[in-house]
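*Asks:* I am sharing run.cif, which consists of mmCIF, C-alpha atoms:
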```
data_start
loop_
_atom_site.group_PDB
_atom_site.id
_atom_site.type_symbol
_atom_site.label_atom_id
_atom_site.label_comp_id
_atom_site.auth_asym_id
_atom_site.auth_seq_id
_atom_site.Cartn_x
_atom_site.Cartn_y
_atom_site.Cartn_z
ATOM 1 C CA MET W 1 24.919 -34.917 -20.217
ATOM 2 C CA TYR W 2 21.633 -34.332 -18.504
ATOM 3 C CA ARG W 3 21.096 -37.894 -17.332
ATOM 4 C CA PHE W 4 21.869 -36.723 -13.793
ATOM 5 C CA LEU W 5 18.375 -35.217 -13.734
ATOM 6 C CA LEU W 6 17.031 -38.765 -13.369
ATOM 7 C CA THR W 7 19.003 -39.475 -10.201
ATOM 8 C CA PRO W 8 17.080 -39.687 -6.893
ATOM 9 C CA ARG W 9 18.768 -36.494 -5.657
ATOM 10 C CA TRP W 10 17.574 -34.460 -8.616
ATOM 11 C CA TRP W 11 14.149 -36.074 -8.516
ATOM 12 C CA GLY W 12 13.779 -34.650 -5.028
ATOM 13 C CA ILE W 13 15.019 -31.216 -6.119
ATOM 14 C CA ASN W 14 12.688 -31.111 -9.120
ATOM 15 C CA VAL W 15 9.644 -32.180 -7.110
ATOM 16 C CA PHE W 16 10.362 -29.511 -4.511
ATOM 17 C CA VAL W 17 10.671 -26.823 -7.208
ATOM 18 C CA LEU W 18 7.472 -27.922 -8.962
ATOM 19 C CA LEU W 19 5.579 -27.668 -5.673
ATOM 20 C CA ALA W 20 7.219 -24.531 -4.294
ATOM 21 C CA ILE W 21 6.701 -22.259 -7.310
ATOM 22 C CA PRO W 22 2.881 -22.722 -7.611
ATOM 23 C CA PHE W 23 2.539 -22.401 -3.837
ATOM 24 C CA CYS W 24 4.446 -19.091 -3.771
ATOM 25 C CA LEU W 25 2.448 -17.750 -6.722
ATOM 26 C CA PHE W 26 -0.834 -18.793 -5.088
ATOM 27 C CA MET W 27 0.056 -17.131 -1.778
ATOM 28 C CA GLY W 28 1.197 -13.962 -3.555
ATOM 29 C CA SER W 29 -2.035 -13.803 -5.567
ATOM 30 C CA TRP W 30 -4.080 -14.368 -2.410
ATOM 31 C CA GLN W 31 -2.318 -11.545 -0.560
ATOM 32 C CA LEU W 32 -2.862 -9.294 -3.592
ATOM 33 C CA SER W 33 -6.577 -10.123 -3.579
ATOM 34 C CA ARG W 34 -6.725 -9.215 0.121
ATOM 35 C CA PHE W 35 -5.174 -5.826 -0.631
ATOM 36 C CA GLU W 36 -7.603 -5.216 -3.506
ATOM 37 C CA ALA W 37 -10.536 -6.175 -1.258
ATOM 38 C CA ARG W 38 -9.398 -3.628 1.340
ATOM 39 C CA VAL W 39 -9.132 -0.973 -1.383
ATOM 40 C CA ASP W 40 -12.705 -1.773 -2.464
ATOM 41 C CA ASP W 41 -13.906 -1.647 1.158
ATOM 42 C CA HIS W 42 -12.223 1.711 1.601
ATOM 43 C CA ARG W 43 -13.932 3.055 -1.532
ATOM 44 C CA ASP W 44 -17.301 1.702 -0.426
ATOM 45 C CA ALA W 45 -16.857 3.126 3.082
ATOM 46 C CA LYS W 46 -16.158 6.594 1.683
ATOM 47 C CA ALA W 47 -19.224 6.402 -0.553
ATOM 48 C CA GLN W 48 -21.319 5.187 2.373
ATOM 49 C CA ALA W 49 -20.091 8.007 4.596
ATOM 50 C CA GLU W 50 -21.079 10.547 1.952
ATOM 51 C CA SER W 51 -24.550 9.077 1.544
ATOM 52 C CA ALA W 52 -25.061 8.712 5.313
ATOM 53 C CA ARG W 53 -24.920 12.480 5.723
ATOM 54 C CA THR W 54 -27.989 12.947 3.556
ATOM 55 C CA ASP W 55 -29.940 9.782 4.395
ATOM 56 C CA ALA W 56 -32.903 10.096 6.712
ATOM 57 C CA ALA W 57 -32.303 8.957 10.277
ATOM 58 C CA ARG W 58 -33.742 5.565 11.175
ATOM 59 C CA PRO W 59 -34.710 4.146 14.578
ATOM 60 C CA LEU W 60 -31.836 2.564 16.450
ATOM 61 C CA ALA W 61 -33.449 -0.885 16.568
ATOM 62 C CA GLU W 62 -33.555 -1.078 12.751
ATOM 63 C CA LEU W 63 -29.784 -0.612 12.431
ATOM 64 C CA LEU W 64 -28.563 -3.133 14.992
ATOM 65 C CA PRO W 65 -26.291 -5.010 15.127
ATOM 66 C CA VAL W 66 -23.676 -2.657 13.749
ATOM 67 C CA ASP W 67 -21.766 -3.947 10.728
ATOM 68 C CA LYS W 68 -20.049 -2.507 7.664
ATOM 69 C CA ALA W 69 -23.426 -1.774 6.054
ATOM 70 C CA THR W 70 -24.891 0.127 9.017
ATOM 71 C CA SER W 71 -21.800 1.761 10.503
ATOM 72 C CA GLY W 72 -22.038 5.530 10.064
ATOM 73 C CA LYS W 73 -25.767 5.493 9.330
ATOM 74 C CA GLN W 74 -27.917 8.134 10.972
ATOM 75 C CA ALA W 75 -29.747 6.664 13.974
ATOM 76 C CA THR W 76 -32.308 8.183 16.296
ATOM 77 C CA ALA W 77 -33.200 7.212 19.857
ATOM 78 C CA THR W 78 -35.409 8.625 22.613
ATOM 79 C CA GLY W 79 -34.756 8.401 26.334
ATOM 80 C CA ARG W 80 -33.343 10.122 29.386
ATOM 81 C CA TYR W 81 -29.709 10.831 30.098
ATOM 82 C CA GLY W 82 -28.128 9.109 33.048
ATOM 83 C CA ARG W 83 -24.506 8.933 34.125
ATOM 84 C CA GLN W 84 -21.842 10.944 32.318
ATOM 85 C CA LEU W 85 -18.263 9.784 31.678
ATOM 86 C CA LEU W 86 -15.167 11.210 30.036
ATOM 87 C CA VAL W 87 -12.977 9.575 27.376
ATOM 88 C CA PRO W 88 -9.472 11.099 27.665
ATOM 89 C CA ASP W 89 -6.642 11.371 25.124
ATOM 90 C CA ARG W 90 -8.706 11.825 21.981
ATOM 91 C CA GLU W 91 -7.353 13.968 19.158
ATOM 92 C CA LEU W 92 -9.456 16.177 16.918
ATOM 93 C CA SER W 93 -7.988 18.420 14.216
ATOM 94 C CA GLY W 94 -4.499 17.779 15.581
ATOM 95 C CA ARG W 95 -5.373 18.842 19.136
ATOM 96 C CA ASN W 96 -5.565 16.598 22.176
ATOM 97 C CA GLY W 97 -8.718 16.574 24.254
ATOM 98 C CA PHE W 98 -11.490 14.315 25.522
ATOM 99 C CA TYR W 99 -14.953 13.090 24.627
ATOM 100 C CA VAL W 100 -17.995 13.794 26.763
ATOM 101 C CA LEU W 101 -19.901 10.509 26.931
ATOM 102 C CA SER W 102 -23.429 10.349 28.356
ATOM 103 C CA LEU W 103 -25.542 7.224 28.758
ATOM 104 C CA LEU W 104 -29.046 7.516 27.313
ATOM 105 C CA ARG W 105 -31.578 5.153 28.908
ATOM 106 C CA VAL W 106 -34.005 4.272 26.153
ATOM 107 C CA ASP W 107 -37.262 2.336 26.248
ATOM 108 C CA GLY W 108 -36.687 -1.047 27.807
ATOM 109 C CA GLY W 109 -34.138 0.230 30.296
ATOM 110 C CA ARG W 110 -31.027 -0.352 28.186
ATOM 111 C CA ALA W 111 -28.388 2.406 28.029
ATOM 112 C CA LEU W 112 -26.974 3.748 24.784
ATOM 113 C CA PRO W 113 -23.558 5.485 24.973
ATOM 114 C CA VAL W 114 -23.836 8.901 23.329
ATOM 115 C CA VAL W 115 -20.807 11.073 22.552
ATOM 116 C CA ARG W 116 -22.192 14.562 22.969
ATOM 117 C CA GLY W 117 -19.008 16.318 21.838
ATOM 118 C CA TRP W 118 -15.281 16.970 22.262
ATOM 119 C CA LEU W 119 -13.432 19.438 24.471
ATOM 120 C CA PRO W 120 -9.721 20.400 24.325
ATOM 121 C CA GLY W 121 -7.237 19.839 27.115
ATOM 122 C CA ARG W 122 -7.021 17.281 29.889
ATOM 123 C CA ALA W 123 -10.126 15.376 30.888
ATOM 124 C CA ASP W 124 -11.886 17.398 33.590
ATOM 125 C CA ALA W 125 -15.444 16.750 34.713
ATOM 126 C CA ALA W 126 -15.826 20.414 35.680
ATOM 127 C CA LYS W 127 -15.361 21.456 32.044
ATOM 128 C CA ALA W 128 -17.998 19.089 30.665
ATOM 129 C CA PRO W 129 -21.495 20.594 30.435
ATOM 130 C CA ALA W 130 -24.259 18.594 32.065
ATOM 131 C CA ALA W 131 -26.560 16.542 29.881
ATOM 132 C CA PRO W 132 -30.097 17.881 29.241
ATOM 133 C CA ALA W 133 -32.720 16.814 31.754
ATOM 134 C CA GLY W 134 -35.979 15.112 30.881
ATOM 135 C CA GLU W 135 -36.839 13.046 27.844
ATOM 136 C CA VAL W 136 -34.800 13.829 24.741
ATOM 137 C CA THR W 137 -34.540 12.504 21.196
ATOM 138 C CA VAL W 138 -31.017 12.297 19.832
ATOM 139 C CA THR W 139 -29.760 11.821 16.266
ATOM 140 C CA GLY W 140 -26.259 10.867 15.291
ATOM 141 C CA ALA W 141 -23.961 8.518 13.408
ATOM 142 C CA LEU W 142 -24.091 4.924 14.583
ATOM 143 C CA GLN W 143 -20.741 3.411 15.546
ATOM 144 C CA ALA W 144 -19.524 -0.056 16.503
ATOM 145 C CA SER W 145 -17.956 -0.653 19.908
ATOM 146 C CA GLU W 146 -14.315 0.351 20.044
ATOM 147 C CA GLN W 147 -11.496 -2.091 20.659
ATOM 148 C CA PRO W 148 -8.552 -1.040 22.845
ATOM 149 C CA GLY W 149 -5.467 -0.651 20.692
ATOM 150 C CA ASP W 150 -7.353 0.513 17.594
ATOM 151 C CA ASP W 151 -6.514 3.813 15.926
ATOM 152 C CA GLY W 152 -6.932 6.546 18.517
ATOM 153 C CA VAL W 153 -8.212 4.163 21.219
ATOM 154 C CA SER W 154 -6.045 3.901 24.312
ATOM 155 C CA ASP W 155 -5.526 0.525 25.947
ATOM 156 C CA ARG W 156 -4.086 1.790 29.230
ATOM 157 C CA GLY W 157 -5.823 1.125 32.504
ATOM 158 C CA GLY W 158 -5.819 2.782 35.889
ATOM 159 C CA LEU W 159 -7.862 5.797 34.794
ATOM 160 C CA PRO W 160 -9.456 8.070 37.388
ATOM 161 C CA ALA W 161 -13.050 7.464 38.411
ATOM 162 C CA GLY W 162 -15.550 8.663 35.832
ATOM 163 C CA GLN W 163 -13.277 7.970 32.857
ATOM 164 C CA THR W 164 -13.066 5.155 30.317
ATOM 165 C CA ALA W 165 -10.414 4.457 27.690
ATOM 166 C CA ALA W 166 -12.743 2.867 25.103
ATOM 167 C CA ILE W 167 -16.392 3.275 24.194
ATOM 168 C CA SER W 168 -17.652 -0.284 24.321
ATOM 169 C CA ALA W 169 -19.973 -2.434 26.390
ATOM 170 C CA ALA W 170 -16.982 -4.504 27.529
ATOM 171 C CA SER W 171 -15.199 -1.402 28.893
ATOM 172 C CA LEU W 172 -18.280 0.163 30.472
ATOM 173 C CA VAL W 173 -19.807 -2.925 32.055
ATOM 174 C CA ASN W 174 -17.656 -2.514 35.173
ATOM 175 C CA LEU W 175 -18.297 1.227 35.439
ATOM 176 C CA VAL W 176 -22.089 1.453 35.212
ATOM 177 C CA PRO W 177 -24.860 -0.873 36.415
ATOM 178 C CA ASP W 178 -26.945 -0.487 33.241
ATOM 179 C CA ASP W 179 -27.527 -3.059 30.521
ATOM 180 C CA LEU W 180 -25.620 -1.544 27.590
ATOM 181 C CA TYR W 181 -26.040 -1.580 23.840
ATOM 182 C CA ASP W 182 -23.060 -2.958 21.949
ATOM 183 C CA ALA W 183 -22.948 0.282 19.931
ATOM 184 C CA TRP W 184 -22.792 4.038 20.384
ATOM 185 C CA ILE W 185 -23.639 7.201 18.473
ATOM 186 C CA THR W 186 -21.908 10.524 18.015
ATOM 187 C CA LEU W 187 -24.253 13.497 17.852
ATOM 188 C CA ASP W 188 -24.452 15.633 14.738
ATOM 189 C CA THR W 189 -25.265 18.661 16.890
ATOM 190 C CA PRO W 190 -22.911 18.746 19.906
ATOM 191 C CA GLY W 191 -23.693 20.134 23.327
ATOM 192 C CA PRO W 192 -22.988 23.778 24.207
ATOM 193 C CA GLY W 193 -19.323 24.751 23.916
ATOM 194 C CA MET W 194 -18.314 21.390 22.452
ATOM 195 C CA THR W 195 -17.186 20.243 18.996
ATOM 196 C CA ALA W 196 -18.948 17.453 17.127
ATOM 197 C CA VAL W 197 -16.985 14.203 16.890
ATOM 198 C CA PRO W 198 -16.923 12.906 13.296
ATOM 199 C CA ALA W 199 -17.950 9.326 12.650
ATOM 200 C CA LYS W 200 -15.240 6.763 12.018
ATOM 201 C CA ALA W 201 -15.211 4.263 9.195
ATOM 202 C CA ALA W 202 -16.023 0.664 10.059
ATOM 203 C CA SER W 203 -13.084 -1.513 11.058
ATOM 204 C CA ASP W 204 -11.132 -3.247 8.277
ATOM 205 C CA THR W 205 -12.438 -0.833 5.640
ATOM 206 C CA GLY W 206 -9.541 1.596 5.373
ATOM 207 C CA LEU W 207 -6.117 1.659 3.773
ATOM 208 C CA ASP W 208 -4.422 1.055 7.113
ATOM 209 C CA LEU W 209 -1.227 -0.761 8.040
ATOM 210 C CA LYS W 210 -2.857 -4.158 7.490
ATOM 211 C CA ALA W 211 -3.671 -3.280 3.893
ATOM 212 C CA PHE W 212 -0.079 -2.325 3.083
ATOM 213 C CA GLN W 213 1.150 -5.418 4.917
ATOM 214 C CA ASN W 214 -0.883 -7.482 2.450
ATOM 215 C CA LEU W 215 0.788 -5.600 -0.405
ATOM 216 C CA GLY W 216 4.231 -6.224 1.114
ATOM 217 C CA TYR W 217 3.508 -9.932 1.563
ATOM 218 C CA THR W 218 2.470 -10.064 -2.103
ATOM 219 C CA GLY W 219 5.919 -8.903 -3.177
ATOM 220 C CA GLU W 220 7.653 -11.278 -0.773
ATOM 221 C CA TRP W 221 5.864 -14.374 -2.110
ATOM 222 C CA PHE W 222 6.646 -13.453 -5.732
ATOM 223 C CA VAL W 223 10.291 -12.867 -4.796
ATOM 224 C CA PHE W 224 10.373 -16.311 -3.135
ATOM 225 C CA ALA W 225 9.086 -17.872 -6.375
ATOM 226 C CA GLY W 226 11.815 -16.138 -8.384
ATOM 227 C CA PHE W 227 14.457 -17.200 -5.842
ATOM 228 C CA VAL W 228 13.439 -20.866 -6.165
ATOM 229 C CA VAL W 229 13.820 -20.675 -9.972
ATOM 230 C CA PHE W 230 17.175 -18.912 -9.634
ATOM 231 C CA MET W 231 18.566 -21.533 -7.237
ATOM 232 C CA TRP W 232 17.366 -24.390 -9.465
ATOM 233 C CA PHE W 233 19.190 -22.959 -12.503
ATOM 234 C CA ARG W 234 22.289 -22.350 -10.410
ATOM 235 C CA LEU W 235 22.381 -25.952 -9.182
ATOM 236 C CA LEU W 236 21.740 -27.190 -12.722
ATOM 237 C CA ARG W 237 24.585 -25.135 -14.143
ATOM 238 C CA ARG W 238 26.987 -26.321 -11.473
ATOM 239 C CA GLU W 239 26.051 -29.945 -12.134
ATOM 240 C CA VAL W 240 26.485 -29.540 -15.916
ATOM 241 C CA GLU W 241 29.927 -27.998 -15.426
ATOM 242 C CA SER W 242 30.942 -30.887 -13.178
ATOM 243 C CA VAL W 243 29.844 -33.445 -15.790
ATOM 244 C CA ARG W 244 31.695 -31.576 -18.578
ATOM 245 C CA ASP W 245 34.892 -31.372 -16.513
ATOM 246 C CA ALA W 246 34.698 -35.094 -15.754
ATOM 247 C CA ARG W 247 34.450 -35.916 -19.471
ATOM 248 C CA LEU W 248 37.512 -33.776 -20.179
ATOM 249 C CA GLY W 249 39.421 -35.500 -17.409
ATOM 250 C CA ILE W 250 39.535 -32.401 -15.254
ATOM 251 C CA LEU W 251 39.153 -33.576 -11.709
ATOM 252 C CA PRO W 252 38.726 -31.234 -8.774
ATOM 253 C CA GLU W 253 41.767 -30.813 -6.572
ATOM 254 C CA GLU W 254 41.468 -32.706 -3.319
ATOM 255 C CA PRO W 255 42.753 -30.769 -0.320
ATOM 256 C CA ALA W 256 45.407 -32.453 1.800
ATOM 257 C CA ALA W 257 44.061 -34.202 4.845
ATOM 258 C CA ALA W 258 44.605 -32.399 8.095
ATOM 259 C CA GLY W 259 47.484 -33.805 10.136
ATOM 260 C CA SER W 260 49.088 -35.827 7.284
ATOM 261 C CA PRO W 261 52.916 -35.647 7.205
ATOM 262 C CA PRO W 262 54.442 -33.558 4.434
ATOM 263 C CA VAL W 263 56.062 -35.395 1.531
ATOM 264 C CA PRO W 264 59.840 -35.423 2.160
ATOM 265 C CA GLY W 265 62.025 -33.754 -0.445
ATOM 266 C CA PRO W 266 65.746 -33.459 -0.919
ATOM 267 C CA SER W 267 67.362 -31.288 1.661
ATOM 268 C CA PRO W 268 69.879 -28.602 0.624
ATOM 269 C CA VAL W 269 72.655 -30.271 2.657
ATOM 270 C CA SER W 270 72.244 -33.720 1.152
ATOM 271 C CA GLY W 271 72.027 -32.227 -2.330
ATOM 272 C CA ALA W 272 75.309 -30.406 -1.852
ATOM 273 C CA SER W 273 77.009 -33.579 -0.526
ATOM 274 C CA ASP W 274 75.888 -35.606 -3.523
ATOM 275 C CA ARG W 275 77.253 -33.007 -5.927
ATOM 276 C CA ALA W 276 80.593 -33.030 -4.068
ATOM 277 C CA GLN W 277 80.863 -36.809 -4.384
ATOM 278 C CA ASP W 278 80.107 -36.619 -8.104
ATOM 279 C CA ASP W 279 82.870 -34.043 -8.575
ATOM 280 C CA ALA W 280 85.373 -36.182 -6.663
ATOM 281 C CA SER W 281 84.642 -39.274 -8.710
ATOM 282 C CA THR W 282 85.134 -37.442 -11.987
ATOM 283 C CA PRO W 283 88.733 -38.118 -13.328
ATOM 284 C CA VAL W 284 91.000 -35.152 -13.924
ATOM 285 C CA ARG W 285 92.284 -34.868 -17.458
#
```
Just give me the structure of the file as structure tokens.
*Replies:*
Amino acid sequence: MYRFLLTPRWWGINVFVLLAIPFCLFMGSWQLSRFEARVDDHRDAKAQAESARTDAARPLAELLPVDKATSGKQATATGRYGRQLLVPDRELSGRNGFYVLSLLRVDGGRALPVVRGWLPGRADAAKAPAAPAGEVTVTGALQASEQPGDDGVSDRGGLPAGQTAAISAASLVNLVPDDLYDAWITLDTPGPGMTAVPAKAASDTGLDLKAFQNLGYTGEWFVFAGFVVFMWFRLLRREVESVRDARLGILPEEPAAAGSPPVPGPSPVSGASDRAQDDASTPVR
């Protein structure tokens, strides 16, 4: 009964199933491992943020370039403040406001973006206190350059003069003539009248939308594997039923071809005439 499994058609079906199921299981396991890795990164980032608050500050040069291991670490730098910019549309504690960003020219002439604090309301240069004059030493959490479109980072252009949407060397290079660090720090002690901006976790270390997308893809790949098995058993059952019906002599009904003339049958009129002739030919007793 199962000799049909050796036909070329079923050879192709079986080979496809044997390849599709391991592939779906592999992809589902890989997506699950990506989700677990993001969970581990999120746990490590939280532990690192806790330890960074108590760790001693280190010179800026020792922590560059910024990566997952150094993001959020306490950094210290000495220099003189230069130009000041505003970063609009930044939320803090559920309120909309703006960052006050000052460029600190350190030894060597390079400028380090420093977020001195946050103020509520619309970005207004008149509200932002001026940066301290003279040489200063600042301490704050080291942060990687922002990317437009990230959480809380606007990607819109056309801002007024003296404002920037993202804190990054790529966004600031056209606004200031200085050679910029590809990093920035947020001060632990904000300027007068401002609120300190908390450090953000390094990118790809949180349970964000990407992490739950990996979890969703995991379920999809496992469902695909189950669907392949289900369809194979369904085709097998249909084929077995067809073979059994053929052995019992049960053939499927063939539908009439479209446009074929109907089979003529006896008309009511001709039937009545034939009966009348039979009655007339019968002798009367």
*Asks:* For Thr139 in chain W, find every residue with an atom within 10 Å (counting only C-alpha atoms), except residues of its own chain fewer than 4 positions away, and show them as a PyMOL selection string.
*Replies:* chain W and resi 57-60+74-78+114+185-189
*Asks:* I need the residue nearest Leu86 in chain W from this list: W:Asp124, W:Asp44, W:Asp107, W:Glu36. Use only C-alpha atoms for the distance.
*Replies:*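 Once distances to Leu86 in chain W are computed over only C-alpha atoms, the minimum belongs to W:Asp124.
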*Asks:* Record the distance separating CA of Thr137 in chain W and CA of Arg105 in chain W, expressed in Å with one decimal.
*Replies:*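 Atom-to-atom, CA of Thr137 in chain W and CA of Arg105 in chain W are spaced 11.1 Å apart.
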*Asks:* Between CA of Gly162 in chain W and CA of Lys200 in chain W, what is the distance, to one decimal in Å?
*Replies:*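 CA of Lys200 in chain W lies 23.9 Å from CA of Gly162 in chain W.
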*Asks:* Check the smallest atom-to-atom distance from each of W:Phe4, W:Tyr99, W:Trp30, W:Phe23 to Pro198 in chain W using only C-alpha atoms, then report the winner.
*Replies:*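 Looking only at the distances to Pro198 in chain W, the closest residue turns out to be W:Tyr99.
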*Asks:* I'd like to know which of W:Leu159, W:Val176, W:Val100, W:Leu63 is closest to Pro192 in chain W, using only C-alpha atoms.
*Replies:*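 Among W:Leu159, W:Val176, W:Val100, W:Leu63, it is W:Val100 that comes nearest to Pro192 in chain W.
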*Asks:* Between CA of Ala165 in chain W and CA of Arg80 in chain W, what distance in Å does the model show, to one decimal?
*Replies:*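 CA of Arg80 in chain W lies at a distance of 23.7 Å from CA of Ala165 in chain W.
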*Asks:* Which residues would end up in the selection if the PyMOL selection byres ((chain W and resi 166) around 8) were applied here, given that I need the answer as number ranges by chain?
*Replies:* W: 87, 146-148, 153-155, 164-165, 167-168, 171
*Asks:* Taking the point (-10.7, 14.5, 18.1) as given in the file, collect each protein or nucleic acid residue that comes within 12 Å of it, counting all atoms listed in the file, and present the set as a PyMOL selection string.
*Replies:* chain W and resi 87-100+115+117-121+151-153+186+194-200
*Asks:* Let's have the selection written as a PDB file, in the frame of the given file, with C-alpha atoms.
*Replies:*
```pdb
ATOM      1  CA  VAL W  87     -12.977   9.575  27.376  1.00  0.00           C
ATOM      2  CA  PRO W  88      -9.472  11.099  27.665  1.00  0.00           C
ATOM      3  CA  ASP W  89      -6.642  11.371  25.124  1.00  0.00           C
ATOM      4  CA  ARG W  90      -8.706  11.825  21.981  1.00  0.00           C
ATOM      5  CA  GLU W  91      -7.353  13.968  19.158  1.00  0.00           C
ATOM      6  CA  LEU W  92      -9.456  16.177  16.918  1.00  0.00           C
ATOM      7  CA  SER W  93      -7.988  18.420  14.216  1.00  0.00           C
ATOM      8  CA  GLY W  94      -4.499  17.779  15.581  1.00  0.00           C
ATOM      9  CA  ARG W  95      -5.373  18.842  19.136  1.00  0.00           C
ATOM     10  CA  ASN W  96      -5.565  16.598  22.176  1.00  0.00           C
ATOM     11  CA  GLY W  97      -8.718  16.574  24.254  1.00  0.00           C
ATOM     12  CA  PHE W  98     -11.490  14.315  25.522  1.00  0.00           C
ATOM     13  CA  TYR W  99     -14.953  13.090  24.627  1.00  0.00           C
ATOM     14  CA  VAL W 100     -17.995  13.794  26.763  1.00  0.00           C
ATOM     15  CA  VAL W 115     -20.807  11.073  22.552  1.00  0.00           C
ATOM     16  CA  GLY W 117     -19.008  16.318  21.838  1.00  0.00           C
ATOM     17  CA  TRP W 118     -15.281  16.970  22.262  1.00  0.00           C
ATOM     18  CA  LEU W 119     -13.432  19.438  24.471  1.00  0.00           C
ATOM     19  CA  PRO W 120      -9.721  20.400  24.325  1.00  0.00           C
ATOM     20  CA  GLY W 121      -7.237  19.839  27.115  1.00  0.00           C
ATOM     21  CA  ASP W 151      -6.514   3.813  15.926  1.00  0.00           C
ATOM     22  CA  GLY W 152      -6.932   6.546  18.517  1.00  0.00           C
ATOM     23  CA  VAL W 153      -8.212   4.163  21.219  1.00  0.00           C
ATOM     24  CA  THR W 186     -21.908  10.524  18.015  1.00  0.00           C
ATOM     25  CA  MET W 194     -18.314  21.390  22.452  1.00  0.00           C
ATOM     26  CA  THR W 195     -17.186  20.243  18.996  1.00  0.00           C
ATOM     27  CA  ALA W 196     -18.948  17.453  17.127  1.00  0.00           C
ATOM     28  CA  VAL W 197     -16.985  14.203  16.890  1.00  0.00           C
ATOM     29  CA  PRO W 198     -16.923  12.906  13.296  1.00  0.00           C
ATOM     30  CA  ALA W 199     -17.950   9.326  12.650  1.00  0.00           C
ATOM     31  CA  LYS W 200     -15.240   6.763  12.018  1.00  0.00           C
TER      32      LYS W 200
END
```
*Asks:* May I ask which of the residues W:Leu175, W:Val106, W:Val66, W:Val229 is the closest one to Glu135 in chain W, counting all atoms listed in the file?
*Replies:* W:Val106
*Asks:* Give me the result of the PyMOL selection byres ((chain W and resi 143) around 7) on this file, residue by residue, as a short mmCIF file (atom, residue, chain, number, x, y, z; two decimals) with C-alpha atoms, in the frame of the given file.
*Replies:*
```
data_model
loop_
_atom_site.label_atom_id
_atom_site.label_comp_id
_atom_site.auth_asym_id
_atom_site.auth_seq_id
_atom_site.Cartn_x
_atom_site.Cartn_y
_atom_site.Cartn_z
CA VAL W 66 -23.68 -2.66 13.75
CA SER W 71 -21.80 1.76 10.50
CA GLY W 72 -22.04 5.53 10.06
CA ALA W 141 -23.96 8.52 13.41
CA LEU W 142 -24.09 4.92 14.58
CA ALA W 144 -19.52 -0.06 16.50
CA SER W 145 -17.96 -0.65 19.91
CA ALA W 183 -22.95 0.28 19.93
CA TRP W 184 -22.79 4.04 20.38
CA ILE W 185 -23.64 7.20 18.47
#
```
*Asks:* Just say which residues the PyMOL selection byres ((chain W and resi 179) around 9) picks in this file, as an mmCIF file with C-alpha atoms, in the frame of the given file.
*Replies:*
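This is the output file out_29.cif:
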```cif
data_model
loop_
_atom_site.group_PDB
_atom_site.id
_atom_site.type_symbol
_atom_site.label_atom_id
_atom_site.label_comp_id
_atom_site.auth_asym_id
_atom_site.auth_seq_id
_atom_site.Cartn_x
_atom_site.Cartn_y
_atom_site.Cartn_z
ATOM 1 C CA GLY W 109 -34.138 0.230 30.296
ATOM 2 C CA ARG W 110 -31.027 -0.352 28.186
ATOM 3 C CA ALA W 111 -28.388 2.406 28.029
ATOM 4 C CA LEU W 112 -26.974 3.748 24.784
ATOM 5 C CA ALA W 169 -19.973 -2.434 26.390
ATOM 6 C CA VAL W 173 -19.807 -2.925 32.055
ATOM 7 C CA VAL W 176 -22.089 1.453 35.212
ATOM 8 C CA PRO W 177 -24.860 -0.873 36.415
ATOM 9 C CA ASP W 178 -26.945 -0.487 33.241
ATOM 10 C CA LEU W 180 -25.620 -1.544 27.590
ATOM 11 C CA TYR W 181 -26.040 -1.580 23.840
#
```
*Asks:* Can you work out which one of W:Gly140, W:Ser242, W:Gly226, W:Arg3 has the shortest atom-to-atom distance to Asp55 in chain W, counting all atoms listed in the file?
*Replies:*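 So, comparing all the options, the nearest one is W:Gly140.
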